[in-house]
Amino acid sequence: MKILIKNIKQLVQVEHQPQLRLDGPAMKKLFCLDSAWLAIEDDIIVAFGSMTDWTGISDWSNLTIIDATDKIVFPSYCDSHTHLVYAGSREGEFVDRINGLTYEDIFARGGGILNSSSKLQDTSEEILLQSALTRLDEIMSQGTGAVEIKSGYGLSTDSELKMLRVIKKLKSISPLTIKSTFLGAHALPAIYKNNKRDYIDLLINEMIPKIADEQLADFCDVFCEQNYFTKAETIEILIAAQYYGMTPKVHAEQLSNFGGTLAGIEVGAISVDHLEFVGDQEITALQNTKTMPTILPGAAFFLGLPHPPARRMIDAGLGLAIASDFNPGSCPTGNMNLMLSISCIQYKLTPEEAINGATINSAYAMNLSTTHGSIAVGKKANVFITKEIPSYSFIPYSFGSNLIETVIINGKVTKQN
C-alpha cells in the first residue's frame, strides 16, 4: 500500500540522521517541517519534504492521498511501561484510597498486586486475550504505535507463563509493535510470605528458564521496593535473566528511595521506571550510562504520589522517557496525550521535552529507537494525524480532548474520523 500525506501544517519529530536517544539540552529541541508531505510505502516511511519543493510521485500507482491541511502529523507514541494484560478492575481500592488508606495499607490486607493476581489465576487465556485486545485498540486510537506489556499478576509458574503466552499471541494479532517483559518479581505471593528465598529460587531456577525456552520475554523487570524486593535481590534476579537473554528493567524509587535505580545501573538496565523518590545520588549515577530514566505520570497522579524530579533530571543532562503504566490498580489509562499534559502541567517539562520523552526516548527504552519514535526514512510507518489545531503544544494544552483524527499503523489507516 502507498500513502501520500500532503499539505501537512507541521510534520513533527523529523530526523535526517536518526539518533538513538536525546539527553539533557537536546530534549528541548523538536525538529519539525512546516507545510510538508510524507510518503509511505508498505509499512515504511520512504520520503518526506516541504510542499514548496514538491515534485510529485508520478511513478506510484494505487496511491492513497490524504490531505492534512491545517493538521499536524506526529510519529506514534511509544509506551514503554504497561501492565495491560489483567483480569478485572480495582475501583474498590480507588475508593479505599479516597477514604484514607495508602497503597501499602491496601497491599498489606491482600489488595493491590495480590488482588490482581488472584483474579488472573481464575481467568482463561482467551478472556485475557480479548480484554487486552480491546485495550490495545483503545491506546492505538489515542496515538500509541508501540507498547511494552509486563507479566507480574501471575506470581506462579503457570500463571506467569499464561500471561506471557497471551502477550505473545497479542504480538501476532495486534498491528501494534509489542515488547514483552517478565515481571514475576512484582510482589511476594501469599504462600511465600514467610519464605521469600524459595520464591526467588523459583523465579531464577524454574520460571526464567521456562520463559526463555518458549522465547516469551524480551525484558525482565523487578519491583525494587520496601516489602517487595531489595536491591541485592533485584540484582540477583536480573543477572539470572540476563544469562537467558532478557534485558533488565527496574521498577525503581516509586514509594521510597530503596536502591532500585542503583541496582539498574549496576546490571546495565535499559530503563529504571517511576522515580518519584529518586535523589541526587541516583541522578549523578545515571549520568553517562545507557540506562533511560522513565517517568510514569499517570501512576503518580492516580496514587497522589510526589512528582518525580523530571525537571531536575533533564537539567542534569539526563534523557527522560515518558510512559503510561497502564494497569488496573494505579493507572487505569494508557492515554499518552494525558501523560504529556501531566508532564507539562505538573512536572514543568516543555512540550518539546514531553514529546521527545514519549517518542524517541520511550522507543529507546524498548530497544526500538532504530525503527520507531520519529519521522525518518526507513522507519516504521506509524504516525497519527491530528484534527485542525494551531500547534503541537495544543496537544498537552488541551488535556481531556480527543484531537487525533487519523491513525496509520504499519502503513495502514486503522482509524479515520
# chains A, B, ... in the order shown; residues from 1 in each chain; ligands from 1

$ residues_around --residues "stretch 401-405 of chain A" --least-positions-apart "5" --cutoff "9 Å" --atoms "only C-alpha atoms" --output "PyMOL selection string"
chain A and resi 141-143+337+384-389+395+415-417

$ residues_around --residues "stretch 258-264 of chain A" --least-positions-apart "4" --cutoff "10 Å" --atoms "only C-alpha atoms" --output "PDB file with N, CA and C atoms, in the first residue's frame"
ATOM      1  N   ASP A 221      11.913  -7.537  34.555  1.00  0.00           N
ATOM      2  CA  ASP A 221      11.744  -6.392  35.441  1.00  0.00           C
ATOM      3  C   ASP A 221      11.602  -6.893  36.875  1.00  0.00           C
ATOM      4  N   VAL A 222      11.952  -6.033  37.835  1.00  0.00           N
ATOM      5  CA  VAL A 222      11.799  -6.340  39.264  1.00  0.00           C
ATOM      6  C   VAL A 222      11.273  -5.099  39.969  1.00  0.00           C
ATOM      7  N   PHE A 223      10.334  -5.294  40.893  1.00  0.00           N
ATOM      8  CA  PHE A 223       9.827  -4.202  41.715  1.00  0.00           C
ATOM      9  C   PHE A 223      10.738  -4.089  42.929  1.00  0.00           C
ATOM     10  N   CYS A 224      11.698  -3.181  42.863  1.00  0.00           N
ATOM     11  CA  CYS A 224      12.653  -2.977  43.951  1.00  0.00           C
ATOM     12  C   CYS A 224      12.066  -1.942  44.906  1.00  0.00           C
ATOM     13  N   GLU A 225      11.563  -2.417  46.051  1.00  0.00           N
ATOM     14  CA  GLU A 225      10.841  -1.521  46.964  1.00  0.00           C
ATOM     15  C   GLU A 225      10.705  -2.186  48.329  1.00  0.00           C
ATOM     16  N   GLN A 226      10.517  -1.387  49.363  1.00  0.00           N
ATOM     17  CA  GLN A 226      10.265  -1.924  50.695  1.00  0.00           C
ATOM     18  C   GLN A 226       9.071  -2.866  50.653  1.00  0.00           C
ATOM     19  N   PHE A 229      11.124  -6.313  46.881  1.00  0.00           N
ATOM     20  CA  PHE A 229      12.427  -6.932  46.634  1.00  0.00           C
ATOM     21  C   PHE A 229      13.537  -5.916  46.876  1.00  0.00           C
ATOM     22  N   THR A 230      14.602  -6.369  47.557  1.00  0.00           N
ATOM     23  CA  THR A 230      15.714  -5.494  47.908  1.00  0.00           C
ATOM     24  C   THR A 230      16.604  -5.243  46.693  1.00  0.00           C
ATOM     25  N   LYS A 231      17.521  -4.311  46.867  1.00  0.00           N
ATOM     26  CA  LYS A 231      18.495  -4.028  45.800  1.00  0.00           C
ATOM     27  C   LYS A 231      19.289  -5.286  45.456  1.00  0.00           C
ATOM     28  N   ALA A 232      19.788  -5.996  46.472  1.00  0.00           N
ATOM     29  CA  ALA A 232      20.586  -7.201  46.218  1.00  0.00           C
ATOM     30  C   ALA A 232      19.758  -8.267  45.517  1.00  0.00           C
ATOM     31  N   GLU A 233      18.511  -8.452  45.942  1.00  0.00           N
ATOM     32  CA  GLU A 233      17.640  -9.441  45.301  1.00  0.00           C
ATOM     33  C   GLU A 233      17.330  -9.055  43.861  1.00  0.00           C
ATOM     34  N   THR A 234      17.138  -7.758  43.632  1.00  0.00           N
ATOM     35  CA  THR A 234      16.876  -7.262  42.285  1.00  0.00           C
ATOM     36  C   THR A 234      18.043  -7.591  41.365  1.00  0.00           C
ATOM     37  N   ILE A 235      19.237  -7.304  41.817  1.00  0.00           N
ATOM     38  CA  ILE A 235      20.436  -7.587  41.018  1.00  0.00           C
ATOM     39  C   ILE A 235      20.559  -9.085  40.739  1.00  0.00           C
ATOM     40  N   GLU A 236      20.325  -9.897  41.760  1.00  0.00           N
ATOM     41  CA  GLU A 236      20.435 -11.354  41.585  1.00  0.00           C
ATOM     42  C   GLU A 236      19.453 -11.860  40.526  1.00  0.00           C
ATOM     43  N   LEU A 238      17.942 -10.154  38.099  1.00  0.00           N
ATOM     44  CA  LEU A 238      18.204  -9.609  36.766  1.00  0.00           C
ATOM     45  C   LEU A 238      19.452 -10.208  36.137  1.00  0.00           C
ATOM     46  N   PRO A 248      17.494  -6.209  31.253  1.00  0.00           N
ATOM     47  CA  PRO A 248      16.934  -5.767  32.539  1.00  0.00           C
ATOM     48  C   PRO A 248      16.189  -4.443  32.463  1.00  0.00           C
ATOM     49  N   LYS A 249      15.135  -4.335  33.276  1.00  0.00           N
ATOM     50  CA  LYS A 249      14.435  -3.111  33.613  1.00  0.00           C
ATOM     51  C   LYS A 249      14.187  -3.145  35.122  1.00  0.00           C
ATOM     52  N   VAL A 250      13.898  -1.986  35.715  1.00  0.00           N
ATOM     53  CA  VAL A 250      13.622  -1.957  37.160  1.00  0.00           C
ATOM     54  C   VAL A 250      12.496  -0.974  37.466  1.00  0.00           C
ATOM     55  N   HIS A 251      11.514  -1.433  38.298  1.00  0.00           N
ATOM     56  CA  HIS A 251      10.594  -0.521  38.983  1.00  0.00           C
ATOM     57  C   HIS A 251      11.402   0.094  40.126  1.00  0.00           C
ATOM     58  N   ALA A 252      11.678   1.381  40.059  1.00  0.00           N
ATOM     59  CA  ALA A 252      12.636   1.974  40.998  1.00  0.00           C
ATOM     60  C   ALA A 252      12.095   3.239  41.653  1.00  0.00           C
ATOM     61  N   GLU A 253      12.333   3.342  42.965  1.00  0.00           N
ATOM     62  CA  GLU A 253      12.058   4.574  43.712  1.00  0.00           C
ATOM     63  C   GLU A 253      10.616   5.076  43.548  1.00  0.00           C
ATOM     64  N   GLN A 254       9.642   4.161  43.528  1.00  0.00           N
ATOM     65  CA  GLN A 254       8.248   4.603  43.424  1.00  0.00           C
ATOM     66  C   GLN A 254       7.675   5.051  44.759  1.00  0.00           C
ATOM     67  N   GLY A 268      23.201  -2.749  34.107  1.00  0.00           N
ATOM     68  CA  GLY A 268      23.055  -2.223  32.752  1.00  0.00           C
ATOM     69  C   GLY A 268      21.632  -2.229  32.249  1.00  0.00           C
ATOM     70  N   ALA A 269      20.658  -1.954  33.134  1.00  0.00           N
ATOM     71  CA  ALA A 269      19.251  -1.938  32.733  1.00  0.00           C
ATOM     72  C   ALA A 269      19.011  -0.909  31.637  1.00  0.00           C
ATOM     73  N   ILE A 270      18.108  -1.227  30.717  1.00  0.00           N
ATOM     74  CA  ILE A 270      17.789  -0.273  29.660  1.00  0.00           C
ATOM     75  C   ILE A 270      16.976   0.881  30.203  1.00  0.00           C
ATOM     76  N   SER A 271      16.220   0.638  31.284  1.00  0.00           N
ATOM     77  CA  SER A 271      15.459   1.730  31.895  1.00  0.00           C
ATOM     78  C   SER A 271      15.240   1.459  33.371  1.00  0.00           C
ATOM     79  N   VAL A 272      15.076   2.541  34.121  1.00  0.00           N
ATOM     80  CA  VAL A 272      14.598   2.491  35.501  1.00  0.00           C
ATOM     81  C   VAL A 272      13.356   3.368  35.537  1.00  0.00           C
ATOM     82  N   ASP A 273      12.252   2.841  36.065  1.00  0.00           N
ATOM     83  CA  ASP A 273      10.939   3.446  35.859  1.00  0.00           C
ATOM     84  C   ASP A 273      10.253   3.813  37.178  1.00  0.00           C
ATOM     85  N   HIS A 274       9.540   4.888  37.159  1.00  0.00           N
ATOM     86  CA  HIS A 274       8.772   5.525  38.247  1.00  0.00           C
ATOM     87  C   HIS A 274       9.539   6.738  38.743  1.00  0.00           C
ATOM     88  N   LEU A 275      10.473   6.546  39.709  1.00  0.00           N
ATOM     89  CA  LEU A 275      11.441   7.570  40.118  1.00  0.00           C
ATOM     90  C   LEU A 275      10.837   8.718  40.924  1.00  0.00           C
ATOM     91  N   PHE A 277      10.826   9.007  44.073  1.00  0.00           N
ATOM     92  CA  PHE A 277      11.694   9.289  45.208  1.00  0.00           C
ATOM     93  C   PHE A 277      13.177   9.231  44.831  1.00  0.00           C
ATOM     94  N   VAL A 278      13.479   9.438  43.559  1.00  0.00           N
ATOM     95  CA  VAL A 278      14.877   9.443  43.142  1.00  0.00           C
ATOM     96  C   VAL A 278      15.557  10.694  43.707  1.00  0.00           C
ATOM     97  N   GLY A 279      16.836  10.546  44.089  1.00  0.00           N
ATOM     98  CA  GLY A 279      17.566  11.649  44.701  1.00  0.00           C
ATOM     99  C   GLY A 279      18.794  12.034  43.913  1.00  0.00           C
ATOM    100  N   GLN A 281      21.899  11.402  44.458  1.00  0.00           N
ATOM    101  CA  GLN A 281      22.849  10.310  44.260  1.00  0.00           C
ATOM    102  C   GLN A 281      22.515   9.525  43.003  1.00  0.00           C
ATOM    103  N   GLU A 282      21.238   9.223  42.828  1.00  0.00           N
ATOM    104  CA  GLU A 282      20.822   8.442  41.663  1.00  0.00           C
ATOM    105  C   GLU A 282      20.950   9.254  40.374  1.00  0.00           C
ATOM    106  N   ILE A 283      20.608  10.533  40.440  1.00  0.00           N
ATOM    107  CA  ILE A 283      20.718  11.383  39.252  1.00  0.00           C
ATOM    108  C   ILE A 283      22.169  11.453  38.790  1.00  0.00           C
ATOM    109  N   ALA A 285      24.494   9.229  39.443  1.00  0.00           N
ATOM    110  CA  ALA A 285      24.913   7.888  38.998  1.00  0.00           C
ATOM    111  C   ALA A 285      24.401   7.571  37.594  1.00  0.00           C
ATOM    112  N   LEU A 286      23.253   8.129  37.202  1.00  0.00           N
ATOM    113  CA  LEU A 286      22.676   7.862  35.884  1.00  0.00           C
ATOM    114  C   LEU A 286      23.414   8.575  34.755  1.00  0.00           C
ATOM    115  N   THR A 291      21.323   3.675  30.723  1.00  0.00           N
ATOM    116  CA  THR A 291      20.028   3.458  31.365  1.00  0.00           C
ATOM    117  C   THR A 291      19.150   4.694  31.217  1.00  0.00           C
ATOM    118  N   MET A 292      17.920   4.505  30.719  1.00  0.00           N
ATOM    119  CA  MET A 292      16.998   5.622  30.486  1.00  0.00           C
ATOM    120  C   MET A 292      16.060   5.810  31.679  1.00  0.00           C
ATOM    121  N   PRO A 293      16.136   6.938  32.370  1.00  0.00           N
ATOM    122  CA  PRO A 293      15.136   7.232  33.403  1.00  0.00           C
ATOM    123  C   PRO A 293      13.756   7.382  32.751  1.00  0.00           C
TER     124      PRO A 293
END

$ select_by_dssp --residues "stretch 47-277 of chain A" --states "strand (DSSP E or B)" --output "PyMOL selection string"
chain A and resi 47-50+63-67+71-75+77-79+82+144-150+177-185+219-224+229+247-252+271-274

$ closest_residue --among "A:Met27, A:Gly329, A:Leu216, A:Asn361" --to "A:Arg97" --atoms "only C-alpha atoms"
A:Gly329

$ residues_around --residues "A:Asp42" --least-positions-apart "6" --cutoff "12 Å" --atoms "only C-alpha atoms" --output "PDB file with N, CA and C atoms, in the first residue's frame"
ATOM      1  N   MET A   1       0.841  -1.197   0.000  1.00  0.00           N
ATOM      2  CA  MET A   1       0.000   0.000   0.000  1.00  0.00           C
ATOM      3  C   MET A   1       0.877   1.248   0.000  1.00  0.00           C
ATOM      4  N   LYS A   2       0.452   2.269  -0.736  1.00  0.00           N
ATOM      5  CA  LYS A   2       1.203   3.516  -0.816  1.00  0.00           C
ATOM      6  C   LYS A   2       0.313   4.658  -0.355  1.00  0.00           C
ATOM      7  N   ILE A   3       0.834   5.476   0.544  1.00  0.00           N
ATOM      8  CA  ILE A   3       0.077   6.601   1.088  1.00  0.00           C
ATOM      9  C   ILE A   3       0.906   7.864   0.940  1.00  0.00           C
ATOM     10  N   LEU A   4       0.281   8.907   0.491  1.00  0.00           N
ATOM     11  CA  LEU A   4       0.893  10.225   0.474  1.00  0.00           C
ATOM     12  C   LEU A   4       0.046  11.154   1.344  1.00  0.00           C
ATOM     13  N   ASN A  62      -1.932   3.113  -7.539  1.00  0.00           N
ATOM     14  CA  ASN A  62      -2.755   2.744  -6.378  1.00  0.00           C
ATOM     15  C   ASN A  62      -2.363   3.547  -5.146  1.00  0.00           C
ATOM     16  N   LEU A  63      -2.234   4.848  -5.353  1.00  0.00           N
ATOM     17  CA  LEU A  63      -1.774   5.737  -4.300  1.00  0.00           C
ATOM     18  C   LEU A  63      -2.958   6.316  -3.535  1.00  0.00           C
ATOM     19  N   THR A  64      -2.933   6.161  -2.205  1.00  0.00           N
ATOM     20  CA  THR A  64      -3.928   6.801  -1.346  1.00  0.00           C
ATOM     21  C   THR A  64      -3.399   8.160  -0.927  1.00  0.00           C
ATOM     22  N   GLY A 378      12.990   5.030   6.267  1.00  0.00           N
ATOM     23  CA  GLY A 378      13.346   3.678   6.665  1.00  0.00           C
ATOM     24  C   GLY A 378      12.724   3.240   7.969  1.00  0.00           C
ATOM     25  N   LYS A 379      12.137   4.176   8.717  1.00  0.00           N
ATOM     26  CA  LYS A 379      11.483   3.801   9.969  1.00  0.00           C
ATOM     27  C   LYS A 379      10.064   3.299   9.709  1.00  0.00           C
ATOM     28  N   LYS A 380       9.515   2.640  10.704  1.00  0.00           N
ATOM     29  CA  LYS A 380       8.167   2.097  10.619  1.00  0.00           C
ATOM     30  C   LYS A 380       7.155   3.225  10.387  1.00  0.00           C
ATOM     31  N   ALA A 381       6.212   2.974   9.482  1.00  0.00           N
ATOM     32  CA  ALA A 381       5.193   3.979   9.145  1.00  0.00           C
ATOM     33  C   ALA A 381       4.068   3.952  10.164  1.00  0.00           C
ATOM     34  N   ASN A 382       4.399   4.385  11.381  1.00  0.00           N
ATOM     35  CA  ASN A 382       3.442   4.524  12.475  1.00  0.00           C
ATOM     36  C   ASN A 382       3.325   6.008  12.792  1.00  0.00           C
ATOM     37  N   ILE A 408      -2.309   5.840  11.478  1.00  0.00           N
ATOM     38  CA  ILE A 408      -1.710   4.936  10.486  1.00  0.00           C
ATOM     39  C   ILE A 408      -0.700   4.059  11.207  1.00  0.00           C
ATOM     40  N   ILE A 409      -0.899   2.757  11.152  1.00  0.00           N
ATOM     41  CA  ILE A 409      -0.004   1.790  11.793  1.00  0.00           C
ATOM     42  C   ILE A 409       0.471   0.808  10.732  1.00  0.00           C
ATOM     43  N   ASN A 410       1.777   0.616  10.667  1.00  0.00           N
ATOM     44  CA  ASN A 410       2.387  -0.268   9.670  1.00  0.00           C
ATOM     45  C   ASN A 410       1.927   0.098   8.258  1.00  0.00           C
ATOM     46  N   GLY A 411       1.777   1.393   8.006  1.00  0.00           N
ATOM     47  CA  GLY A 411       1.412   1.848   6.679  1.00  0.00           C
ATOM     48  C   GLY A 411      -0.039   1.673   6.319  1.00  0.00           C
ATOM     49  N   LYS A 412      -0.895   1.334   7.295  1.00  0.00           N
ATOM     50  CA  LYS A 412      -2.320   1.136   7.025  1.00  0.00           C
ATOM     51  C   LYS A 412      -3.142   2.061   7.920  1.00  0.00           C
ATOM     52  N   VAL A 413      -4.164   2.650   7.333  1.00  0.00           N
ATOM     53  CA  VAL A 413      -5.053   3.508   8.109  1.00  0.00           C
ATOM     54  C   VAL A 413      -5.926   2.640   8.993  1.00  0.00           C
TER      55      VAL A 413
END

$ atom_distance --atom1 "atom CA of A:Thr157" --atom2 "atom CA of A:Gln242"
18.7 Å

$ closest_atom_pairs --of "stretch 46-161 of chain A" --to "stretch 344-357 of chain A" --cutoff "12 Å" --atoms "only C-alpha atoms" --output "CSV"
residue,atom,partner,partner_atom,distance
A:Phe74,CA,A:Ile355,CA,9.3
A:Pro75,CA,A:Ile355,CA,9.7
A:Ser76,CA,A:Ile355,CA,10.3
A:Tyr77,CA,A:Ile355,CA,8.5
A:Cys78,CA,A:Gly357,CA,9.2
A:Asp79,CA,A:Gly357,CA,10.0
A:Ser80,CA,A:Gly357,CA,10.5

$ atom_distance --atom1 "atom CA of A:Thr102" --atom2 "atom CA of A:Ser330"
11.7 Å

$ residues_around --residues "stretch 86-88 of chain A" --least-positions-apart "4" --cutoff "9 Å" --atoms "only C-alpha atoms" --output "ChimeraX atom specification"
/A:116-117,119-123,127-128,131-132,151,153,163,327-328

$ write_last_selection --atoms "N, CA and C atoms" --output "mmCIF file, in the first residue's frame"
data_model
loop_
_atom_site.group_PDB
_atom_site.id
_atom_site.type_symbol
_atom_site.label_atom_id
_atom_site.label_comp_id
_atom_site.auth_asym_id
_atom_site.auth_seq_id
_atom_site.Cartn_x
_atom_site.Cartn_y
_atom_site.Cartn_z
ATOM 1 N N SER A 116 -5.025 -8.437 41.964
ATOM 2 C CA SER A 116 -4.994 -8.730 40.528
ATOM 3 C C SER A 116 -4.495 -10.143 40.261
ATOM 4 N N SER A 117 -3.561 -10.614 41.083
ATOM 5 C CA SER A 117 -3.038 -11.963 40.913
ATOM 6 C C SER A 117 -4.124 -13.001 41.150
ATOM 7 N N LYS A 119 -7.364 -12.672 40.812
ATOM 8 C CA LYS A 119 -8.327 -12.637 39.710
ATOM 9 C C LYS A 119 -7.755 -13.288 38.453
ATOM 10 N N LEU A 120 -6.477 -13.040 38.189
ATOM 11 C CA LEU A 120 -5.886 -13.559 36.954
ATOM 12 C C LEU A 120 -5.788 -15.078 36.964
ATOM 13 N N GLN A 121 -5.484 -15.662 38.104
ATOM 14 C CA GLN A 121 -5.305 -17.108 38.157
ATOM 15 C C GLN A 121 -6.576 -17.853 37.795
ATOM 16 N N ASP A 122 -7.732 -17.197 37.965
ATOM 17 C CA ASP A 122 -9.013 -17.836 37.654
ATOM 18 C C ASP A 122 -9.564 -17.429 36.287
ATOM 19 N N THR A 123 -8.751 -16.735 35.494
ATOM 20 C CA THR A 123 -9.206 -16.220 34.204
ATOM 21 C C THR A 123 -8.487 -16.934 33.069
ATOM 22 N N ILE A 127 -10.017 -15.080 27.587
ATOM 23 C CA ILE A 127 -10.617 -13.869 28.156
ATOM 24 C C ILE A 127 -9.552 -12.790 28.337
ATOM 25 N N LEU A 128 -8.376 -13.174 28.817
ATOM 26 C CA LEU A 128 -7.284 -12.214 28.959
ATOM 27 C C LEU A 128 -6.908 -11.610 27.604
ATOM 28 N N SER A 131 -9.761 -9.118 26.308
ATOM 29 C CA SER A 131 -9.799 -7.853 27.057
ATOM 30 C C SER A 131 -8.574 -7.002 26.745
ATOM 31 N N ALA A 132 -7.417 -7.651 26.572
ATOM 32 C CA ALA A 132 -6.202 -6.903 26.238
ATOM 33 C C ALA A 132 -6.289 -6.315 24.832
ATOM 34 N N SER A 151 4.238 -9.074 32.442
ATOM 35 C CA SER A 151 3.506 -10.051 33.251
ATOM 36 C C SER A 151 3.534 -9.518 34.683
ATOM 37 N N TYR A 153 1.157 -10.371 37.253
ATOM 38 C CA TYR A 153 -0.051 -10.641 38.025
ATOM 39 C C TYR A 153 -0.285 -12.146 38.153
ATOM 40 N N MET A 163 0.266 -15.490 31.255
ATOM 41 C CA MET A 163 0.289 -14.081 30.867
ATOM 42 C C MET A 163 1.213 -13.843 29.683
ATOM 43 N N ASN A 327 -2.499 0.096 34.006
ATOM 44 C CA ASN A 327 -2.732 -1.081 34.841
ATOM 45 C C ASN A 327 -4.002 -0.845 35.647
ATOM 46 N N PRO A 328 -4.585 -1.898 36.247
ATOM 47 C CA PRO A 328 -5.879 -1.735 36.916
ATOM 48 C C PRO A 328 -5.828 -1.077 38.281
#

$ closest_residue --among "A:Tyr392, A:Tyr192, A:Tyr199, A:Phe326" --to "A:Lys9" --atoms "only C-alpha atoms"
A:Tyr392

$ atom_distance --atom1 "atom CA of A:Val85" --atom2 "atom CA of A:Leu20"
28.4 Å

$ closest_residue --among "A:Asp198, A:Arg311, A:Asp158, A:Val147" --to "A:Leu176" --atoms "only C-alpha atoms"
A:Val147

$ select_by_dssp --residues "stretch 37-225 of chain A" --states "helix (DSSP H, G or I)" --output "ChimeraX atom specification"
/A:51-53,91-98,103-108,113-121,125-141,157-173,190-192,196-213

$ closest_atom_pairs --of "stretch 346-410 of chain A" --to "stretch 178-181 of chain A" --cutoff "12 Å" --atoms "only C-alpha atoms" --output "tab-separated table"
residue	atom	partner	partner_atom	distance
A:Ala363	CA	A:Lys179	CA	10.7
A:Ala365	CA	A:Lys179	CA	10.5
A:Met366	CA	A:Lys179	CA	7.0
A:Asn367	CA	A:Lys179	CA	9.0
A:Leu368	CA	A:Lys179	CA	9.3
A:His372	CA	A:Ile178	CA	11.8

$ write_last_selection --atoms "N, CA and C atoms" --output "mmCIF file, in the first residue's frame"
data_model
loop_
_atom_site.group_PDB
_atom_site.id
_atom_site.type_symbol
_atom_site.label_atom_id
_atom_site.label_comp_id
_atom_site.auth_asym_id
_atom_site.auth_seq_id
_atom_site.Cartn_x
_atom_site.Cartn_y
_atom_site.Cartn_z
ATOM 1 N N ALA A 363 10.945 5.024 22.818
ATOM 2 C CA ALA A 363 11.333 3.972 21.876
ATOM 3 C C ALA A 363 12.659 3.356 22.307
ATOM 4 N N ALA A 365 13.770 3.082 25.303
ATOM 5 C CA ALA A 365 13.531 2.259 26.488
ATOM 6 C C ALA A 365 12.895 0.917 26.159
ATOM 7 N N MET A 366 12.561 0.711 24.871
ATOM 8 C CA MET A 366 12.018 -0.569 24.400
ATOM 9 C C MET A 366 12.939 -1.228 23.375
ATOM 10 N N ASN A 367 14.148 -0.680 23.208
ATOM 11 C CA ASN A 367 15.067 -1.166 22.163
ATOM 12 C C ASN A 367 14.456 -1.030 20.770
ATOM 13 N N LEU A 368 13.740 0.086 20.535
ATOM 14 C CA LEU A 368 13.054 0.284 19.258
ATOM 15 C C LEU A 368 13.445 1.578 18.556
ATOM 16 N N HIS A 372 11.393 3.117 15.407
ATOM 17 C CA HIS A 372 10.224 3.840 15.892
ATOM 18 C C HIS A 372 10.640 5.166 16.528
#

$ residues_around --residues "A:Ile113" --least-positions-apart "5" --cutoff "10 Å" --atoms "only C-alpha atoms" --output "ChimeraX atom specification"
/A:106-107,118,152-155,186-189,328-330

$ closest_residue --among "A:Asn99, A:Ser89, A:Thr370, A:Thr414" --to "A:Pro332" --atoms "only C-alpha atoms"
A:Ser89

$ closest_residue --among "A:Asp280, A:Lys162, A:Arg90, A:Leu338" --to "A:Gly400" --atoms "only C-alpha atoms"
A:Leu338
